[in-house]
file final.cif (mmCIF, C-alpha atoms)
data_model
loop_
_atom_site.label_atom_id
_atom_site.label_comp_id
_atom_site.auth_asym_id
_atom_site.auth_seq_id
_atom_site.Cartn_x
_atom_site.Cartn_y
_atom_site.Cartn_z
CA MET A 1 56.26 48.96 -131.21
CA TRP A 2 55.11 49.16 -134.84
CA ALA A 3 52.85 52.14 -135.57
CA SER A 4 50.13 52.13 -138.23
CA PRO A 5 47.47 54.80 -138.94
CA VAL A 6 45.10 53.23 -136.41
CA ASP A 7 47.56 54.16 -133.63
CA LEU A 8 47.76 57.85 -134.58
CA GLY A 9 45.39 60.66 -133.69
CA GLN A 10 44.26 59.23 -130.34
CA SER A 11 46.67 61.25 -128.22
CA LYS A 12 49.78 63.34 -128.78
CA TYR A 13 52.31 60.66 -127.81
CA ILE A 14 52.24 57.10 -129.15
CA ARG A 15 52.82 54.96 -126.06
CA ASN A 16 51.33 51.75 -127.38
CA THR A 17 50.52 50.20 -130.76
CA LYS A 18 47.91 47.69 -131.81
CA THR A 19 50.52 45.59 -133.61
CA LYS A 20 53.88 44.57 -132.17
CA LEU A 21 57.00 43.22 -133.89
CA SER A 22 59.18 40.38 -132.70
CA GLN A 23 62.71 41.29 -131.70
CA LYS A 24 64.00 39.68 -134.88
CA GLY A 25 61.54 41.61 -137.02
CA PHE A 26 62.32 44.87 -135.22
CA GLU A 27 66.03 44.45 -135.90
CA ARG A 28 65.44 44.07 -139.64
CA ILE A 29 63.10 47.04 -140.20
CA ARG A 30 63.79 50.77 -140.46
CA LYS A 31 63.31 52.55 -137.15
CA VAL A 32 62.56 56.09 -135.98
CA PRO A 33 63.91 57.66 -132.78
CA LYS A 34 62.06 58.98 -129.78
CA ASN A 35 60.30 62.34 -130.46
CA ALA A 36 60.01 61.69 -134.20
CA ILE A 37 56.79 63.19 -135.61
CA LEU A 38 54.65 60.60 -137.40
CA VAL A 39 52.13 61.68 -140.05
CA THR A 40 49.69 59.50 -142.00
CA CYS A 41 49.91 60.57 -145.64
CA ILE A 42 47.50 58.23 -147.45
CA GLY A 43 43.92 57.02 -147.23
CA SER A 44 40.92 57.98 -145.13
CA THR A 45 43.08 58.60 -142.05
CA ILE A 46 45.37 61.06 -143.85
CA GLY A 47 46.55 63.82 -141.51
CA LYS A 48 46.48 61.77 -138.31
CA MET A 49 49.59 62.47 -136.27
CA GLY A 50 51.53 61.43 -133.22
CA ILE A 51 54.94 61.68 -131.59
CA ALA A 52 57.04 58.56 -130.96
CA SER A 53 57.43 58.09 -127.21
CA LYS A 54 60.34 55.67 -127.72
CA TYR A 55 62.47 54.03 -130.39
CA MET A 56 59.96 52.36 -132.74
CA SER A 57 59.04 51.52 -136.36
CA THR A 58 56.13 52.40 -138.64
CA ASN A 59 54.36 51.06 -141.71
CA GLN A 60 54.71 52.64 -145.16
CA GLN A 61 51.57 54.78 -144.85
CA ILE A 62 53.34 56.98 -142.33
CA ASN A 63 55.96 59.64 -143.00
CA SER A 64 58.36 60.40 -140.17
CA ILE A 65 59.96 63.77 -139.38
CA ILE A 66 63.12 63.95 -137.30
CA THR A 67 63.93 67.53 -136.30
CA ASN A 68 67.43 69.01 -136.15
CA GLU A 69 68.87 71.40 -133.56
CA ASN A 70 67.11 74.41 -135.13
CA TYR A 71 63.59 73.10 -134.57
CA ASP A 72 61.61 72.08 -131.53
CA TYR A 73 59.85 68.78 -132.25
CA ASN A 74 56.73 69.82 -130.29
CA PHE A 75 56.45 73.02 -132.31
CA VAL A 76 56.80 71.12 -135.59
CA TYR A 77 54.09 68.70 -134.48
CA TYR A 78 51.64 71.56 -133.87
CA ALA A 79 52.69 73.52 -136.96
CA ILE A 80 52.12 70.58 -139.31
CA GLY A 81 48.82 69.70 -137.64
CA SER A 82 47.63 73.27 -138.06
CA HIS A 83 48.62 73.46 -141.74
CA PHE A 84 47.54 70.01 -142.85
CA PRO A 85 44.16 71.13 -144.26
CA LYS A 86 46.09 73.56 -146.50
CA TYR A 87 48.41 70.76 -147.55
CA LEU A 88 45.45 68.63 -148.59
CA SER A 89 43.94 71.43 -150.66
CA SER A 90 47.21 71.71 -152.61
CA ILE A 91 47.22 68.14 -153.91
CA ALA A 92 45.18 66.74 -156.79
CA THR A 93 41.74 65.31 -155.96
CA GLN A 94 41.69 61.52 -156.28
CA ALA A 95 39.77 58.50 -155.02
CA VAL A 96 42.40 57.72 -152.39
CA PRO A 97 43.98 60.91 -150.99
CA ILE A 98 47.75 60.71 -150.86
CA ILE A 99 50.73 62.97 -150.22
CA SER A 100 53.86 61.28 -151.53
CA LYS A 101 57.10 61.47 -149.57
CA SER A 102 58.66 63.70 -152.22
CA THR A 103 55.66 66.08 -152.13
CA PHE A 104 55.63 65.99 -148.33
CA LYS A 105 59.27 67.15 -148.22
CA GLU A 106 58.43 70.21 -150.34
CA LEU A 107 55.46 71.44 -148.28
CA GLU A 108 56.08 74.90 -146.84
CA ASN A 109 55.98 75.70 -143.18
CA TYR A 110 56.98 78.89 -141.40
CA SER A 111 58.67 78.97 -138.03
CA PRO A 112 60.11 81.59 -135.66
CA LEU A 113 63.42 81.34 -133.82
CA LEU A 114 63.91 78.30 -131.60
CA ARG A 115 63.24 80.24 -128.39
CA GLU A 116 59.79 81.32 -129.62
CA GLN A 117 59.10 77.84 -130.95
CA LYS A 118 59.63 76.43 -127.48
CA LYS A 119 57.36 79.06 -125.90
CA ILE A 120 54.52 78.25 -128.30
CA ALA A 121 55.05 74.49 -127.98
CA THR A 122 55.11 74.61 -124.17
CA PHE A 123 51.84 76.54 -124.07
CA LEU A 124 50.03 74.15 -126.45
CA SER A 125 51.53 71.13 -124.69
CA LEU A 126 49.93 72.27 -121.43
CA ILE A 127 46.52 72.26 -123.13
CA ASP A 128 47.23 68.81 -124.58
CA GLN A 129 48.19 67.52 -121.15
CA ARG A 130 44.88 68.78 -119.77
CA ILE A 131 43.01 67.14 -122.65
CA GLU A 132 44.79 63.85 -121.96
CA THR A 133 43.95 64.09 -118.26
CA GLN A 134 40.33 64.86 -119.10
CA ASN A 135 40.16 61.83 -121.38
CA LYS A 136 41.45 59.62 -118.56
CA ILE A 137 38.81 61.02 -116.19
CA ILE A 138 36.09 60.18 -118.71
CA GLU A 139 37.49 56.69 -119.37
CA LYS A 140 37.49 55.90 -115.64
CA LEU A 141 33.93 57.16 -115.23
CA GLN A 142 32.78 55.14 -118.25
CA SER A 143 34.49 52.05 -116.85
CA LEU A 144 32.74 52.62 -113.52
CA MET A 145 29.43 53.10 -115.35
CA LYS A 146 29.83 49.84 -117.26
CA GLY A 147 30.83 47.96 -114.13
CA LEU A 148 27.84 49.23 -112.16
CA ASN A 149 25.46 48.67 -115.07
CA ASP A 150 26.61 45.05 -115.31
CA THR A 151 26.69 44.14 -111.62
CA LEU A 152 23.37 45.83 -110.77
CA PHE A 153 21.53 43.67 -113.33
CA ASN A 154 23.47 40.40 -113.15
CA ILE A 155 20.89 38.48 -111.08
CA SER A 156 21.77 35.15 -112.73
CA ASN A 157 25.20 35.20 -111.08
CA PRO A 158 24.92 35.66 -107.29
CA ASN A 159 28.69 36.13 -106.98
CA ALA A 160 28.67 39.10 -109.38
CA PHE A 161 25.26 40.57 -108.49
CA MET A 162 25.43 43.80 -106.47
CA ARG A 163 22.33 45.00 -104.68
CA PHE A 164 21.34 47.81 -102.34
CA PRO A 165 21.13 46.33 -98.81
CA GLU A 166 17.57 47.51 -98.13
CA PHE A 167 16.15 45.29 -100.90
CA SER A 168 15.66 41.52 -100.77
CA GLU A 169 12.50 40.93 -102.82
CA ASP A 170 12.93 38.66 -105.86
CA TRP A 171 13.09 40.18 -109.32
CA ASN A 172 10.48 39.09 -111.88
CA THR A 173 11.66 37.82 -115.27
CA TYR A 174 9.65 38.65 -118.39
CA LYS A 175 9.77 37.58 -121.98
CA ILE A 176 10.27 40.73 -124.06
CA SER A 177 7.09 40.07 -126.06
CA ASP A 178 5.15 40.00 -122.76
CA LEU A 179 6.67 43.25 -121.50
CA LEU A 180 6.79 45.50 -124.53
CA ASP A 181 4.48 46.58 -127.31
CA PHE A 182 6.25 47.22 -130.61
CA PHE A 183 5.30 49.70 -133.31
CA PRO A 184 6.12 49.94 -137.04
CA THR A 185 9.12 52.11 -137.98
CA ASN A 186 10.04 53.77 -141.28
CA SER A 187 12.97 53.01 -143.59
CA LEU A 188 13.97 56.56 -144.56
CA SER A 189 17.64 57.11 -145.40
CA TRP A 190 19.81 60.09 -144.44
CA GLU A 191 19.13 61.59 -147.90
CA GLN A 192 15.45 61.93 -146.95
CA LEU A 193 16.18 63.76 -143.70
CA GLU A 194 17.20 67.34 -142.96
CA TYR A 195 18.09 69.44 -139.97
CA ASN A 196 16.13 72.54 -138.95
CA GLY A 197 13.05 71.48 -140.92
CA SER A 198 9.43 71.79 -139.78
CA SER A 199 8.18 68.22 -140.19
CA LEU A 200 8.35 65.16 -137.96
CA TYR A 201 11.59 64.39 -136.14
CA ASN A 202 13.15 61.05 -137.03
CA LEU A 203 15.46 58.78 -135.05
CA HIS A 204 17.84 57.06 -137.49
CA TYR A 205 19.69 54.01 -136.12
CA GLY A 206 23.01 55.77 -136.75
CA LEU A 207 22.10 58.27 -134.03
CA ILE A 208 21.59 55.44 -131.54
CA HIS A 209 25.09 54.16 -132.28
CA LYS A 210 26.49 57.67 -131.77
CA ALA A 211 24.57 58.27 -128.54
CA ILE A 212 26.80 58.88 -125.53
CA SER A 213 24.11 58.04 -122.99
CA THR A 214 21.11 55.72 -122.91
CA GLN A 215 18.93 58.77 -122.23
CA MET A 216 17.71 60.37 -125.45
CA ASP A 217 16.76 63.69 -123.84
CA LEU A 218 15.04 65.65 -126.60
CA SER A 219 15.61 68.94 -124.80
CA LEU A 220 19.34 68.32 -125.39
CA HIS A 221 19.57 66.10 -128.49
CA HIS A 222 18.89 67.65 -131.86
CA LEU A 223 17.26 65.14 -134.20
CA PRO A 224 16.83 65.57 -137.97
CA ASN A 225 13.45 66.20 -139.56
CA ILE A 226 11.82 64.17 -142.31
CA MET A 227 11.62 66.13 -145.56
CA MET A 228 7.99 67.05 -146.16
CA GLU A 229 7.69 65.03 -149.38
CA PHE A 230 8.79 61.85 -147.59
CA THR A 231 6.45 62.10 -144.59
CA PRO A 232 5.01 58.61 -143.95
CA SER A 233 1.23 58.19 -143.97
CA ASN A 234 1.18 55.96 -140.88
CA PHE A 235 3.38 56.33 -137.83
CA THR A 236 3.44 56.12 -134.04
CA LEU A 237 4.80 59.07 -132.07
CA CYS A 238 7.34 58.35 -129.36
CA LYS A 239 6.36 58.98 -125.75
CA ASN A 240 8.42 59.58 -122.64
CA GLY A 241 9.83 56.27 -121.47
CA ASP A 242 9.63 54.62 -124.89
CA ILE A 243 12.76 52.81 -126.01
CA ALA A 244 14.40 52.38 -129.39
CA PHE A 245 16.88 49.65 -130.29
CA ALA A 246 19.28 49.63 -133.24
CA ASP A 247 18.59 46.30 -134.96
CA ALA A 248 21.70 46.43 -137.17
CA SER A 249 25.37 47.34 -136.79
CA GLU A 250 28.76 46.81 -138.40
CA ASP A 251 30.05 46.20 -134.88
CA TYR A 252 28.89 42.89 -133.40
CA ASN A 253 28.91 44.42 -129.91
CA ASP A 254 26.56 47.25 -130.87
CA VAL A 255 23.64 45.18 -132.19
CA GLY A 256 20.61 46.00 -130.03
CA LYS A 257 22.08 49.21 -128.59
CA VAL A 258 19.26 51.12 -126.92
CA VAL A 259 18.13 54.64 -126.01
CA GLU A 260 15.19 55.72 -123.86
CA PHE A 261 13.20 58.85 -124.71
CA PHE A 262 12.84 61.81 -122.34
CA ASN A 263 11.20 65.24 -122.72
CA CYS A 264 9.44 64.44 -125.98
CA ASP A 265 6.04 65.91 -124.97
CA ASN A 266 6.44 68.94 -127.24
CA LYS A 267 8.23 67.16 -130.08
CA GLN A 268 6.75 64.83 -132.68
CA VAL A 269 9.36 62.09 -132.95
CA ILE A 270 9.12 58.77 -134.76
CA CYS A 271 11.57 55.88 -135.10
CA GLY A 272 13.30 55.27 -138.42
CA LEU A 273 15.58 52.98 -140.36
CA HIS A 274 16.88 49.85 -138.58
CA THR A 275 15.20 50.66 -135.28
CA ILE A 276 12.84 48.72 -133.03
CA HIS A 277 10.38 50.97 -131.19
CA GLY A 278 9.08 49.55 -127.91
CA ARG A 279 6.79 50.66 -125.06
CA ASP A 280 6.14 49.13 -121.64
CA LYS A 281 2.63 47.71 -122.00
CA LYS A 282 2.47 46.50 -118.40
CA GLN A 283 3.51 49.87 -116.95
CA ILE A 284 5.78 48.22 -114.42
CA THR A 285 8.93 50.26 -115.10
CA ILE A 286 9.86 53.81 -114.15
CA ALA A 287 11.32 56.36 -116.55
CA GLY A 288 15.01 55.78 -117.10
CA PHE A 289 15.20 52.21 -115.83
CA LYS A 290 14.62 50.46 -119.15
CA GLY A 291 17.51 52.22 -120.89
CA TYR A 292 19.95 50.94 -118.27
CA ALA A 293 18.41 47.46 -117.98
CA PHE A 294 18.51 46.87 -121.75
CA SER A 295 22.11 48.18 -121.86
CA SER A 296 23.36 45.68 -119.29
CA SER A 297 25.56 42.75 -120.27
CA ALA A 298 22.91 40.41 -118.85
CA PHE A 299 20.58 41.47 -121.68
CA ARG A 300 23.09 42.40 -124.39
CA ASN A 301 24.70 38.96 -124.26
CA GLN A 302 21.36 37.45 -125.26
CA ILE A 303 21.14 39.79 -128.25
CA ARG A 304 24.67 38.99 -129.41
CA ARG A 305 23.86 35.29 -129.43
CA LEU A 306 20.79 35.97 -131.58
CA ALA A 307 22.50 38.39 -134.00
CA GLN A 308 23.06 37.18 -137.56
CA GLY A 309 25.29 38.34 -140.40
CA THR A 310 28.92 38.66 -141.48
CA LYS A 311 29.82 42.26 -142.39
CA ILE A 312 26.54 43.70 -141.07
CA PHE A 313 25.06 42.13 -137.96
CA SER A 314 21.33 42.32 -137.32
CA ILE A 315 18.55 40.91 -135.21
CA SER A 316 14.94 40.30 -136.24
CA LEU A 317 11.98 41.39 -134.14
CA LYS A 318 10.93 37.73 -133.89
CA ASN A 319 14.27 36.76 -132.35
CA PHE A 320 14.29 39.89 -130.23
CA ASN A 321 10.93 38.91 -128.72
CA GLU A 322 12.41 35.62 -127.54
CA SER A 323 14.86 37.29 -125.15
CA TYR A 324 14.22 37.96 -121.46
CA ILE A 325 14.65 40.81 -118.98
CA SER A 326 14.43 40.84 -115.17
CA ILE A 327 12.62 43.65 -113.34
CA PRO A 328 12.77 44.55 -109.61
CA SER A 329 10.22 46.52 -107.57
CA LEU A 330 9.52 50.14 -108.45
CA LYS A 331 11.43 51.35 -105.37
CA GLU A 332 14.52 49.35 -106.30
CA GLN A 333 14.25 50.53 -109.91
CA LYS A 334 14.31 54.13 -108.69
CA LYS A 335 17.37 53.51 -106.52
CA ILE A 336 19.26 51.94 -109.43
CA THR A 337 18.14 54.59 -111.92
CA ASP A 338 19.04 57.51 -109.64
CA LEU A 339 22.57 56.14 -109.13
CA LEU A 340 23.25 55.49 -112.82
CA PHE A 341 21.57 58.72 -113.89
CA SER A 342 23.79 60.81 -111.59
CA LEU A 343 26.87 59.06 -112.99
CA SER A 344 25.63 59.63 -116.57
CA ASN A 345 25.27 63.34 -115.83
CA LYS A 346 28.79 63.42 -114.38
CA ILE A 347 30.16 61.86 -117.58
CA MET A 348 28.27 64.38 -119.72
CA THR A 349 29.69 67.25 -117.65
CA GLU A 350 33.25 65.96 -118.05
CA GLU A 351 32.73 65.48 -121.79
CA SER A 352 31.54 69.08 -122.07
CA THR A 353 34.73 70.16 -120.31
CA LEU A 354 36.78 68.07 -122.74
CA PHE A 355 35.03 69.67 -125.70
CA ALA A 356 35.79 73.14 -124.30
CA TYR A 357 39.51 72.31 -124.07
CA GLN A 358 39.49 70.91 -127.61
CA GLN A 359 37.83 74.07 -128.91
CA GLN A 360 40.36 76.20 -127.07
CA LYS A 361 43.22 74.26 -128.62
CA ALA A 362 41.68 74.55 -132.09
CA TYR A 363 41.37 78.33 -131.66
CA PHE A 364 45.01 78.75 -130.70
CA LEU A 365 46.22 76.50 -133.51
CA GLN A 366 44.21 78.54 -136.00
CA ASN A 367 45.55 81.86 -134.76
CA MET A 368 49.12 81.00 -133.83
CA PHE A 369 50.02 79.46 -137.18
CA VAL A 370 49.16 81.49 -140.27
#
call {"tool": "encode", "arguments": {"input": "final.cif", "output": "structure tokens"}}
result
Amino acid sequence: MWASPVDLGQSKYIRNTKTKLSQKGFERIRKVPKNAILVTCIGSTIGKMGIASKYMSTNQQINSIITNENYDYNFVYYAIGSHFPKYLSSIATQAVPIISKSTFKELENYSPLLREQKKIATFLSLIDQRIETQNKIIEKLQSLMKGLNDTLFNISNPNAFMRFPEFSEDWNTYKISDLLDFFPTNSLSWEQLEYNGSSLYNLHYGLIHKAISTQMDLSLHHLPNIMMEFTPSNFTLCKNGDIAFADASEDYNDVGKVVEFFNCDNKQVICGLHTIHGRDKKQITIAGFKGYAFSSSAFRNQIRRLAQGTKIFSISLKNFNESYISIPSLKEQKKITDLLFSLSNKIMTEESTLFAYQQQKAYFLQNMFV
């Protein structure tokens, strides 16, 4: 394995790397032993860490620490991670943050006797193990969600299409321009938005890309407000069941990512920069169904084929209107939506649990290492 900054910071132990070396290349490069602590010391990923799970090598952006018999490697890993913000504040400000190897060697760190080091490290390792387990639970649920979302809408492939046994009626296929009405959106940047203001709420396309679920529940999601001086003169307020697509993305796979609005009766929300705001003009879909249908691979594959660009990928409303979506009966929509909604809620619950463990770990790191 050959570790680079992209491989660090995901979990405590580095068990796999994006890039691999040939046997010949591995023999010629400097290697680090199992349990070496790896720290990124340059660039935007500075401070990312990991522990080598086996004999491996690293690139030059990573400094490696090999502990002697007086130090527990787990303790050193946590101690350095806890103190890294202080290390950064001690170096000169520059365009590309960097801690040289010579500077890194001189950074101070305090440690108790080995026995106490092991006690502290064992305790924090237990929390890390629970965090890792929680991440695996979430990954499996997300994989299940994606699988269901794809097979429940894949009507063009009978071999991959999964359906509830009580339904046999054909689905109707609609051109998007025949199904949805679209409304103008604004082009306000983040600099023209603020949190905890008193004006209109604004959905920026960046928030769609960050969204965990297709449901934009406004009783749970906190959107920014438009600064009063930038309030647009003409706008269309979002209603329950409306959908918003991100029409641009740096990631080819995220072009056309969608959210569906819920609980927006008491909030004045409008759609902003790089969004497409749509509403079911035929009133043939139930709340929640559209978010899942437009997130399925059956639809997203159409959008990817229509996306244009090199560094930034985008789709025009004209091209968007040329895509198609298939819709079942209202009863079948409800069955599909109820299943996927319950799974979405399960994922949100597990992610809240993960956040609680991460906060607990952060608290102990802050108070155990001073």
call {"tool": "resolve_selection", "arguments": {"input": "final.cif", "expression": "the PyMOL selection byres ((chain A and resi 240) around 9)", "output": "list in words"}}
result
Cys238, Lys239, Gly241, Asp242, Ile243, Glu260, Phe261, Phe262, Asn263, Cys264, Asp265 and Ala287 of chain A
call {"tool": "atom_distance", "arguments": {"input": "final.cif", "atom1": "atom CA of A:Phe313", "atom2": "atom CA of A:Phe182"}}
result
20.8 Å
call {"tool": "closest_residue", "arguments": {"input": "final.cif", "among": "A:Ile65, A:Met49, A:Met1, A:Ile138", "to": "A:Lys346", "atoms": "all atoms listed in the file"}}
result
A:Ile138
call {"tool": "closest_residue", "arguments": {"input": "final.cif", "among": "A:Ile127, A:Ala244, A:Leu8, A:Ile155", "to": "A:Ser296", "atoms": "all atoms listed in the file"}}
result
A:Ile155
call {"tool": "resolve_selection", "arguments": {"input": "final.cif", "expression": "the PyMOL selection byres ((chain A and resi 111) around 10)", "output": "mmCIF file with C-alpha atoms, in the frame of the given file"}}
result
data_model
loop_
_atom_site.group_PDB
_atom_site.id
_atom_site.type_symbol
_atom_site.label_atom_id
_atom_site.label_comp_id
_atom_site.auth_asym_id
_atom_site.auth_seq_id
_atom_site.Cartn_x
_atom_site.Cartn_y
_atom_site.Cartn_z
ATOM 1 C CA TYR A 71 63.590 73.100 -134.570
ATOM 2 C CA ASP A 72 61.610 72.080 -131.530
ATOM 3 C CA PHE A 75 56.450 73.020 -132.310
ATOM 4 C CA VAL A 76 56.800 71.120 -135.590
ATOM 5 C CA ALA A 79 52.690 73.520 -136.960
ATOM 6 C CA ASN A 109 55.980 75.700 -143.180
ATOM 7 C CA TYR A 110 56.980 78.890 -141.400
ATOM 8 C CA PRO A 112 60.110 81.590 -135.660
ATOM 9 C CA LEU A 113 63.420 81.340 -133.820
ATOM 10 C CA LEU A 114 63.910 78.300 -131.600
ATOM 11 C CA GLU A 116 59.790 81.320 -129.620
ATOM 12 C CA GLN A 117 59.100 77.840 -130.950
ATOM 13 C CA PHE A 369 50.020 79.460 -137.180
#
call {"tool": "residues_around", "arguments": {"input": "final.cif", "residues": "A:Ile42", "least_positions_apart": "5", "cutoff": "7 Å", "atoms": "only C-alpha atoms", "output": "tab-separated table (two decimals) with C-alpha atoms, in the frame of the given file"}}
result
chain	number	residue	atom	x	y	z
A	61	GLN	CA	51.57	54.78	-144.85
A	97	PRO	CA	43.98	60.91	-150.99
A	98	ILE	CA	47.75	60.71	-150.86
A	99	ILE	CA	50.73	62.97	-150.22
call {"tool": "residues_around", "arguments": {"input": "final.cif", "residues": "stretch 190-194 of chain A", "least_positions_apart": "4", "cutoff": "12 Å", "atoms": "only C-alpha atoms", "output": "list in words"}}
result
Asn186, Ser198, Ser199, Leu200, Tyr201, Asn202, Leu203, His204, Tyr205, Gly206, Leu207, His222, Leu223, Pro224, Asn225, Ile226, Met227, Met228, Glu229, Phe230, Thr231, Pro232, Gly272 and Leu273 of chain A
call {"tool": "closest_residue", "arguments": {"input": "final.cif", "among": "A:Thr151, A:Ser4, A:Thr122, A:Ser297", "to": "A:Lys18", "atoms": "only C-alpha atoms"}}
result
A:Ser4
call {"tool": "decode", "arguments": {"input": "final.cif", "residues": "stretch 7-25 of chain A", "atoms": "N, CA, C and O atoms", "output": "PDB file, in the first residue's frame"}}
result
ATOM      1  N   ASP A   7      -5.978   9.199   1.735  1.00  0.00           N
ATOM      2  CA  ASP A   7      -6.246   7.963   2.473  1.00  0.00           C
ATOM      3  C   ASP A   7      -6.345   8.176   3.985  1.00  0.00           C
ATOM      4  O   ASP A   7      -6.756   7.270   4.712  1.00  0.00           O
ATOM      5  N   LEU A   8      -5.953   9.367   4.444  1.00  0.00           N
ATOM      6  CA  LEU A   8      -5.932   9.636   5.884  1.00  0.00           C
ATOM      7  C   LEU A   8      -7.201  10.368   6.320  1.00  0.00           C
ATOM      8  O   LEU A   8      -7.837  11.070   5.539  1.00  0.00           O
ATOM      9  N   GLY A   9      -7.535  10.206   7.596  1.00  0.00           N
ATOM     10  CA  GLY A   9      -8.658  10.936   8.164  1.00  0.00           C
ATOM     11  C   GLY A   9     -10.006  10.270   8.008  1.00  0.00           C
ATOM     12  O   GLY A   9     -11.002  10.762   8.532  1.00  0.00           O
ATOM     13  N   GLN A  10     -10.069   9.149   7.282  1.00  0.00           N
ATOM     14  CA  GLN A  10     -11.342   8.455   7.092  1.00  0.00           C
ATOM     15  C   GLN A  10     -11.657   7.561   8.288  1.00  0.00           C
ATOM     16  O   GLN A  10     -12.793   7.485   8.735  1.00  0.00           O
ATOM     17  N   SER A  11     -10.656   6.872   8.767  1.00  0.00           N
ATOM     18  CA  SER A  11     -10.789   6.029   9.959  1.00  0.00           C
ATOM     19  C   SER A  11      -9.428   5.980  10.634  1.00  0.00           C
ATOM     20  O   SER A  11      -8.425   6.438  10.085  1.00  0.00           O
ATOM     21  N   LYS A  12      -9.386   5.408  11.821  1.00  0.00           N
ATOM     22  CA  LYS A  12      -8.152   5.413  12.603  1.00  0.00           C
ATOM     23  C   LYS A  12      -7.053   4.620  11.904  1.00  0.00           C
ATOM     24  O   LYS A  12      -5.922   5.102  11.776  1.00  0.00           O
ATOM     25  N   TYR A  13      -7.367   3.423  11.442  1.00  0.00           N
ATOM     26  CA  TYR A  13      -6.364   2.566  10.810  1.00  0.00           C
ATOM     27  C   TYR A  13      -6.471   2.635   9.281  1.00  0.00           C
ATOM     28  O   TYR A  13      -7.573   2.660   8.729  1.00  0.00           O
ATOM     29  N   ILE A  14      -5.328   2.677   8.625  1.00  0.00           N
ATOM     30  CA  ILE A  14      -5.290   2.700   7.163  1.00  0.00           C
ATOM     31  C   ILE A  14      -5.182   1.256   6.688  1.00  0.00           C
ATOM     32  O   ILE A  14      -4.116   0.635   6.752  1.00  0.00           O
ATOM     33  N   ARG A  15      -6.311   0.722   6.217  1.00  0.00           N
ATOM     34  CA  ARG A  15      -6.359  -0.677   5.784  1.00  0.00           C
ATOM     35  C   ARG A  15      -6.346  -0.817   4.266  1.00  0.00           C
ATOM     36  O   ARG A  15      -6.235  -1.919   3.743  1.00  0.00           O
ATOM     37  N   ASN A  16      -6.515   0.306   3.591  1.00  0.00           N
ATOM     38  CA  ASN A  16      -6.490   0.284   2.133  1.00  0.00           C
ATOM     39  C   ASN A  16      -6.056   1.654   1.637  1.00  0.00           C
ATOM     40  O   ASN A  16      -6.245   2.659   2.340  1.00  0.00           O
ATOM     41  N   THR A  17      -5.472   1.724   0.464  1.00  0.00           N
ATOM     42  CA  THR A  17      -5.066   3.003  -0.110  1.00  0.00           C
ATOM     43  C   THR A  17      -5.565   3.093  -1.546  1.00  0.00           C
ATOM     44  O   THR A  17      -5.710   2.074  -2.232  1.00  0.00           O
ATOM     45  N   LYS A  18      -5.818   4.326  -1.966  1.00  0.00           N
ATOM     46  CA  LYS A  18      -6.331   4.539  -3.319  1.00  0.00           C
ATOM     47  C   LYS A  18      -5.308   4.118  -4.365  1.00  0.00           C
ATOM     48  O   LYS A  18      -5.658   3.581  -5.422  1.00  0.00           O
ATOM     49  N   THR A  19      -4.040   4.368  -4.075  1.00  0.00           N
ATOM     50  CA  THR A  19      -2.965   4.028  -5.009  1.00  0.00           C
ATOM     51  C   THR A  19      -2.147   2.873  -4.458  1.00  0.00           C
ATOM     52  O   THR A  19      -1.855   2.823  -3.261  1.00  0.00           O
ATOM     53  N   LYS A  20      -1.782   1.956  -5.317  1.00  0.00           N
ATOM     54  CA  LYS A  20      -0.941   0.817  -4.935  1.00  0.00           C
ATOM     55  C   LYS A  20       0.385   0.870  -5.703  1.00  0.00           C
ATOM     56  O   LYS A  20       0.457   1.440  -6.794  1.00  0.00           O
ATOM     57  N   LEU A  21       1.422   0.299  -5.110  1.00  0.00           N
ATOM     58  CA  LEU A  21       2.720   0.194  -5.765  1.00  0.00           C
ATOM     59  C   LEU A  21       2.947  -1.229  -6.244  1.00  0.00           C
ATOM     60  O   LEU A  21       2.470  -2.187  -5.620  1.00  0.00           O
ATOM     61  N   SER A  22       3.703  -1.353  -7.323  1.00  0.00           N
ATOM     62  CA  SER A  22       4.116  -2.691  -7.763  1.00  0.00           C
ATOM     63  C   SER A  22       5.128  -3.230  -6.756  1.00  0.00           C
ATOM     64  O   SER A  22       5.696  -2.473  -5.953  1.00  0.00           O
ATOM     65  N   GLN A  23       5.360  -4.515  -6.786  1.00  0.00           N
ATOM     66  CA  GLN A  23       6.331  -5.113  -5.869  1.00  0.00           C
ATOM     67  C   GLN A  23       7.712  -4.512  -6.072  1.00  0.00           C
ATOM     68  O   GLN A  23       8.430  -4.216  -5.115  1.00  0.00           O
ATOM     69  N   LYS A  24       8.066  -4.270  -7.339  1.00  0.00           N
ATOM     70  CA  LYS A  24       9.359  -3.673  -7.644  1.00  0.00           C
ATOM     71  C   LYS A  24       9.449  -2.257  -7.094  1.00  0.00           C
ATOM     72  O   LYS A  24      10.467  -1.862  -6.503  1.00  0.00           O
ATOM     73  N   GLY A  25       8.389  -1.494  -7.260  1.00  0.00           N
ATOM     74  CA  GLY A  25       8.371  -0.125  -6.747  1.00  0.00           C
ATOM     75  C   GLY A  25       8.410  -0.089  -5.234  1.00  0.00           C
ATOM     76  O   GLY A  25       9.088   0.750  -4.629  1.00  0.00           O
TER      77      GLY A  25
END
